[in-house]
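J.: One structure is given below, represented as structure tokens, and several questions about it will come after.
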Amino acid sequence: MLRELARRIDTATPSERDRGLDALRALAIGGVVLGHWLVSALVADSGTVYVTSPLRHMPYLAPASWIFQTMAVFFLVGGQMAATSHTRARARGLTYAQWLGARLVRLFRPAAAVLAVWGVAATAMLALGADPQTVNALAKLVWSPLWFLLIFSALTAATPLVAALHPVWPLATVAVIDLVRFGMGGPDWAGWINLAAGWLVPYCLGTAWGRGCLRSRVTGWTLLLGGAAATAALVLWAGYPASMVGVPGARISNQSPPTLAAVAFGLAQCGVALLLLGPLRRALARPAAWAAVAVANLSAMTIYLWHQTAMIAVTALGLLADRPLPGLHTVPDTPAWVLARLAWLPAFALALLACCAAFHPHERRQPRASH
């Protein structure tokens, strides 16, 4: 049955669809999900639940963040797809408003469900006497990924303008802002300029890719080697954190807002993505492999928006036990916690499947739009 389903998905896929791009998008979302599940720990202490990170207690695990911080790849692919779809929409006679509306509904329809469900859940928990700090920690954990929607939707809306922008300009902006913040003692609020400029760098690369301005292998190796060298130099000699995700209590975060080190690392990841594109396209010629990627992409936003809820649900059910469960409620300060957390990942995945089954219709119930 599964083989027949895979064959039907393969047959129904338009020949012009770039399966490699869909695979990169699926890998990017998967990296974010696994990263959050591994570096976000909910600790139960005297009736209060708070969020911490194993990277705070075991900073030597920072290299793990290099694998799971994959948002730059998502912005790269998003820029490529937006530029391509905008060109196709214009060729079909669609207006800018029609094109933009079709793309934004894919983002905000599933987000509305998350906001509604957790708005009701947070209100109910407070009404039933739950600790306000616990409710705040849980709601923040769920809603914090929504920053992505705001930045990504703004860049999507600006695609026609971004397509004419060279990535070196937002990269230079990030460098100047970091110089002002860290080298000249400037105000911390200036760093939030990088929230747009930092993610604009891979998005600009994506729009250039969509216009056919990138050669995958040459550009891939240039970005990989140059980005990796720049990241290493910034971490080793300029004082940037080695972790590419935020760590509670850290003096500097590479992500809130993005720093020059995070952007350089993102460029290296974009290089890896370009180099993987050819092998991925060949691998996805097999129906079974393509079916898995296609199914993941159909629920990409649902997976992204509900993966933290899945982790919270498993953690809450675990509280029914008469003692804190290792890897679920305990302080993440030993390698044993990491091993225990890995054992919980299948439970998180099952809970996420349940969330997808319940809320996937909010992602797909939309007008037909371009790629």
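By convention here, the chains of the structure tokens are called A, B, ... in the order presented, each chain's residues are numbered starting at 1, and ligands are numbered starting at 1 in the order presented.
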Considering only helix (DSSP H, G or I) as DSSP defines it on the backbone, what residues of stretch 70-265 of chain A qualify? List them as a ChimeraX atom specification.

T.: /A:71-91,96-127,132-157,159-162,168-183,188-210,216-237,260-265

J.: List every residue of stretch 19-213 of chain A that DSSP, applied to the backbone, labels as strand (DSSP E or B), and write the result as number ranges by chain.

T.: A: 41-45, 48-52

J.: Filtering to C-alpha atoms, could you give me those residues as a compact mmCIF listing (two decimals), in the first residue's frame?

T.:
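What landed in again.txt:
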```
# COMPACT_ATOMS: atom_id res chain seq x y z
CA ALA A 41 14.45 21.95 28.60
CA LEU A 42 11.37 22.36 30.80
CA VAL A 43 12.41 21.92 34.42
CA ALA A 44 9.84 21.35 37.17
CA ASP A 45 10.90 22.92 40.47
CA THR A 48 6.96 26.02 38.85
CA VAL A 49 8.11 25.08 35.38
CA TYR A 50 10.88 27.13 33.80
CA VAL A 51 12.82 26.90 30.54
CA THR A 52 16.55 26.37 30.42
```

J.: Hey, what's within 8 Å of stretch 188-203 of chain A if we count only C-alpha atoms and toss same-chain stuff fewer than 2 positions away? As a ChimeraX atom specification, please?

T.: /A:72-73,75-80,151,155,167-168,170-171,173-174,177-178,181,186,205-207,256-260,263,266-267,270

J.: Name the residues in contact with A:Gly210 at a cut-off of 12 Å, using only C-alpha atoms, excluding same-chain residues fewer than 4 positions from it; report them as a list in words.

T.: Asp18, Leu21, Leu76, Val77, Gly78, Gly79, Gln80, Met81, Ala82, Ala83, Thr84, Ser85, His86, Thr87, Arg88, Thr159, Pro160, Val162, Ala163, Ala164, Tyr203, Cys204, Leu205, Gly206, Leu214, Arg215 and Ser216 of chain A

J.: For A:Trp221, which residue out of A:Leu353, A:Arg7, A:Leu275, A:His36 is the nearest one, using only C-alpha atoms?

T.: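 Nearest candidate to A:Trp221 out of A:Leu353, A:Arg7, A:Leu275, A:His36: A:Leu275.
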
J.: Which residues are near stretch 320-325 of chain A? Cut-off 12 Å, only C-alpha atoms, ignore same chain within fewer than 2 positions. Put them as a PyMOL selection string.

T.: chain A and resi 42-47+49+313-318+327-332+337+340-341+343-344

J.: Check the smallest atom-to-atom distance from each of A:Val39, A:Ala294, A:Leu115, A:Leu107 to A:Leu149 using only C-alpha atoms, then report the winner.

T.: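 Nearest to A:Leu149: A:Leu107.
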
J.: Any idea what's packed within 12 Å of A:Ala349, counting only C-alpha atoms, ignoring anything in its chain fewer than 5 positions away? Could you give it as a ChimeraX atom specification?

T.: /A:30,33-34,37,303,306-314,342-344,354-356

J.: Would you export the selected residues with N, CA and C atoms as a PDB file, in the first residue's frame, please?

T.:
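The new file out-v7.pdb reads:
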```pdb
ATOM      1  N   GLY A  30      13.178  20.378   9.683  1.00  0.00           N
ATOM      2  CA  GLY A  30      13.554  19.278  10.568  1.00  0.00           C
ATOM      3  C   GLY A  30      14.674  19.662  11.515  1.00  0.00           C
ATOM      4  N   VAL A  33      13.201  21.837  14.334  1.00  0.00           N
ATOM      5  CA  VAL A  33      12.405  21.043  15.269  1.00  0.00           C
ATOM      6  C   VAL A  33      13.307  20.241  16.209  1.00  0.00           C
ATOM      7  N   LEU A  34      14.235  19.501  15.633  1.00  0.00           N
ATOM      8  CA  LEU A  34      15.135  18.703  16.476  1.00  0.00           C
ATOM      9  C   LEU A  34      15.981  19.589  17.380  1.00  0.00           C
ATOM     10  N   TRP A  37      13.864  20.712  20.312  1.00  0.00           N
ATOM     11  CA  TRP A  37      13.605  19.600  21.224  1.00  0.00           C
ATOM     12  C   TRP A  37      14.841  19.233  22.048  1.00  0.00           C
ATOM     13  N   ILE A 303       4.082  21.689  11.218  1.00  0.00           N
ATOM     14  CA  ILE A 303       5.178  21.087  11.979  1.00  0.00           C
ATOM     15  C   ILE A 303       5.946  22.157  12.733  1.00  0.00           C
ATOM     16  N   TRP A 306       3.721  23.795  15.667  1.00  0.00           N
ATOM     17  CA  TRP A 306       3.185  22.960  16.736  1.00  0.00           C
ATOM     18  C   TRP A 306       4.221  22.052  17.393  1.00  0.00           C
ATOM     19  N   HIS A 307       5.479  22.095  16.964  1.00  0.00           N
ATOM     20  CA  HIS A 307       6.444  21.153  17.536  1.00  0.00           C
ATOM     21  C   HIS A 307       6.737  21.449  19.008  1.00  0.00           C
ATOM     22  N   GLN A 308       6.688  22.729  19.405  1.00  0.00           N
ATOM     23  CA  GLN A 308       6.909  23.030  20.812  1.00  0.00           C
ATOM     24  C   GLN A 308       5.713  22.588  21.661  1.00  0.00           C
ATOM     25  N   THR A 309       4.516  22.706  21.102  1.00  0.00           N
ATOM     26  CA  THR A 309       3.332  22.219  21.813  1.00  0.00           C
ATOM     27  C   THR A 309       3.420  20.718  22.036  1.00  0.00           C
ATOM     28  N   ALA A 310       3.932  19.996  21.048  1.00  0.00           N
ATOM     29  CA  ALA A 310       4.086  18.549  21.201  1.00  0.00           C
ATOM     30  C   ALA A 310       5.013  18.221  22.357  1.00  0.00           C
ATOM     31  N   MET A 311       6.140  18.940  22.445  1.00  0.00           N
ATOM     32  CA  MET A 311       7.076  18.705  23.548  1.00  0.00           C
ATOM     33  C   MET A 311       6.437  19.050  24.886  1.00  0.00           C
ATOM     34  N   ILE A 312       5.690  20.146  24.946  1.00  0.00           N
ATOM     35  CA  ILE A 312       5.028  20.549  26.182  1.00  0.00           C
ATOM     36  C   ILE A 312       3.991  19.517  26.606  1.00  0.00           C
ATOM     37  N   ALA A 313       3.247  18.977  25.627  1.00  0.00           N
ATOM     38  CA  ALA A 313       2.216  17.995  25.947  1.00  0.00           C
ATOM     39  C   ALA A 313       2.820  16.745  26.579  1.00  0.00           C
ATOM     40  N   VAL A 314       3.915  16.250  26.013  1.00  0.00           N
ATOM     41  CA  VAL A 314       4.570  15.067  26.580  1.00  0.00           C
ATOM     42  C   VAL A 314       5.109  15.385  27.967  1.00  0.00           C
ATOM     43  N   LEU A 342      17.243  12.149  24.207  1.00  0.00           N
ATOM     44  CA  LEU A 342      17.188  11.442  22.925  1.00  0.00           C
ATOM     45  C   LEU A 342      16.146  10.321  22.961  1.00  0.00           C
ATOM     46  N   ALA A 343      16.025   9.675  24.113  1.00  0.00           N
ATOM     47  CA  ALA A 343      15.042   8.595  24.230  1.00  0.00           C
ATOM     48  C   ALA A 343      13.615   9.128  24.206  1.00  0.00           C
ATOM     49  N   TRP A 344      13.417  10.407  24.554  1.00  0.00           N
ATOM     50  CA  TRP A 344      12.081  11.000  24.539  1.00  0.00           C
ATOM     51  C   TRP A 344      11.673  11.499  23.155  1.00  0.00           C
ATOM     52  N   ALA A 354       0.087  13.835  16.128  1.00  0.00           N
ATOM     53  CA  ALA A 354      -1.286  14.097  16.567  1.00  0.00           C
ATOM     54  C   ALA A 354      -1.667  15.554  16.314  1.00  0.00           C
ATOM     55  N   CYS A 355      -0.741  16.477  16.580  1.00  0.00           N
ATOM     56  CA  CYS A 355      -0.995  17.894  16.311  1.00  0.00           C
ATOM     57  C   CYS A 355      -1.213  18.139  14.818  1.00  0.00           C
ATOM     58  N   CYS A 356      -0.408  17.482  13.997  1.00  0.00           N
ATOM     59  CA  CYS A 356      -0.551  17.640  12.545  1.00  0.00           C
ATOM     60  C   CYS A 356      -1.898  17.109  12.071  1.00  0.00           C
TER      61      CYS A 356
END
```

J.: Could the residues of stretch 268-317 of chain A that have an atom at most 7 Å from stretch 22-28 of chain A be listed as a Markdown table, each with its closest atom pair and the distance in Å to one decimal, counting only C-alpha atoms and ordered by chain and ascending residue number?

T.:
```
| residue | atom | partner | partner_atom | distance |
| --- | --- | --- | --- | --- |
| A:Ala273 | CA | A:Leu24 | CA | 6.9 |
| A:Val293 | CA | A:Ala23 | CA | 5.9 |
| A:Ala296 | CA | A:Ala26 | CA | 6.3 |
| A:Asn297 | CA | A:Ala26 | CA | 6.1 |
```

J.: Extract, using only C-alpha atoms, all DNA, RNA and protein residues at most 7 Å from A:Thr302, discarding same-chain residues fewer than 5 positions from it, and format them as a ChimeraX atom specification.

T.: /A:110,356,359-360,363

J.: Find, counting only C-alpha atoms, the residue in A:Ala238, A:Gln69, A:Ala139, A:Ala172 that gets nearest to A:Met125.

T.: A:Ala139

J.: Using only C-alpha atoms, which of A:Leu298, A:Ala233, A:Ala175, A:Arg92 sits nearest A:Pro361?

T.: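 Under the stated criterion, the closest residue is A:Leu298.
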
J.: Expressed in Å to a single decimal, how great is the separation between atom CA of A:Ala264 and atom CA of A:Val180?

T.: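 So the answer is 17.9 Å.
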
J.: Nearest to A:Gly226: which of A:Gln133, A:Ser243, A:Gln269, A:Gln255 is it, counting only C-alpha atoms?

T.: A:Gln269

J.: What's the separation between atom CA of A:Val120 and atom CA of A:Leu138, in Å to one decimal place?

T.: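 Computing it gives 13.1 Å between the two atoms.
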
J.: So what do you get for atom CA of A:Ala250 versus atom CA of A:Ala137, distance-wise?

T.: 17.6 Å

J.: Which residue out of A:Leu276, A:Ala351, A:Val247, A:Leu179 has the minimum interatomic distance to A:Ala62 when only C-alpha atoms are used?

T.: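 Ranking A:Leu276, A:Ala351, A:Val247, A:Leu179 by distance to A:Ala62, first place goes to A:Val247.
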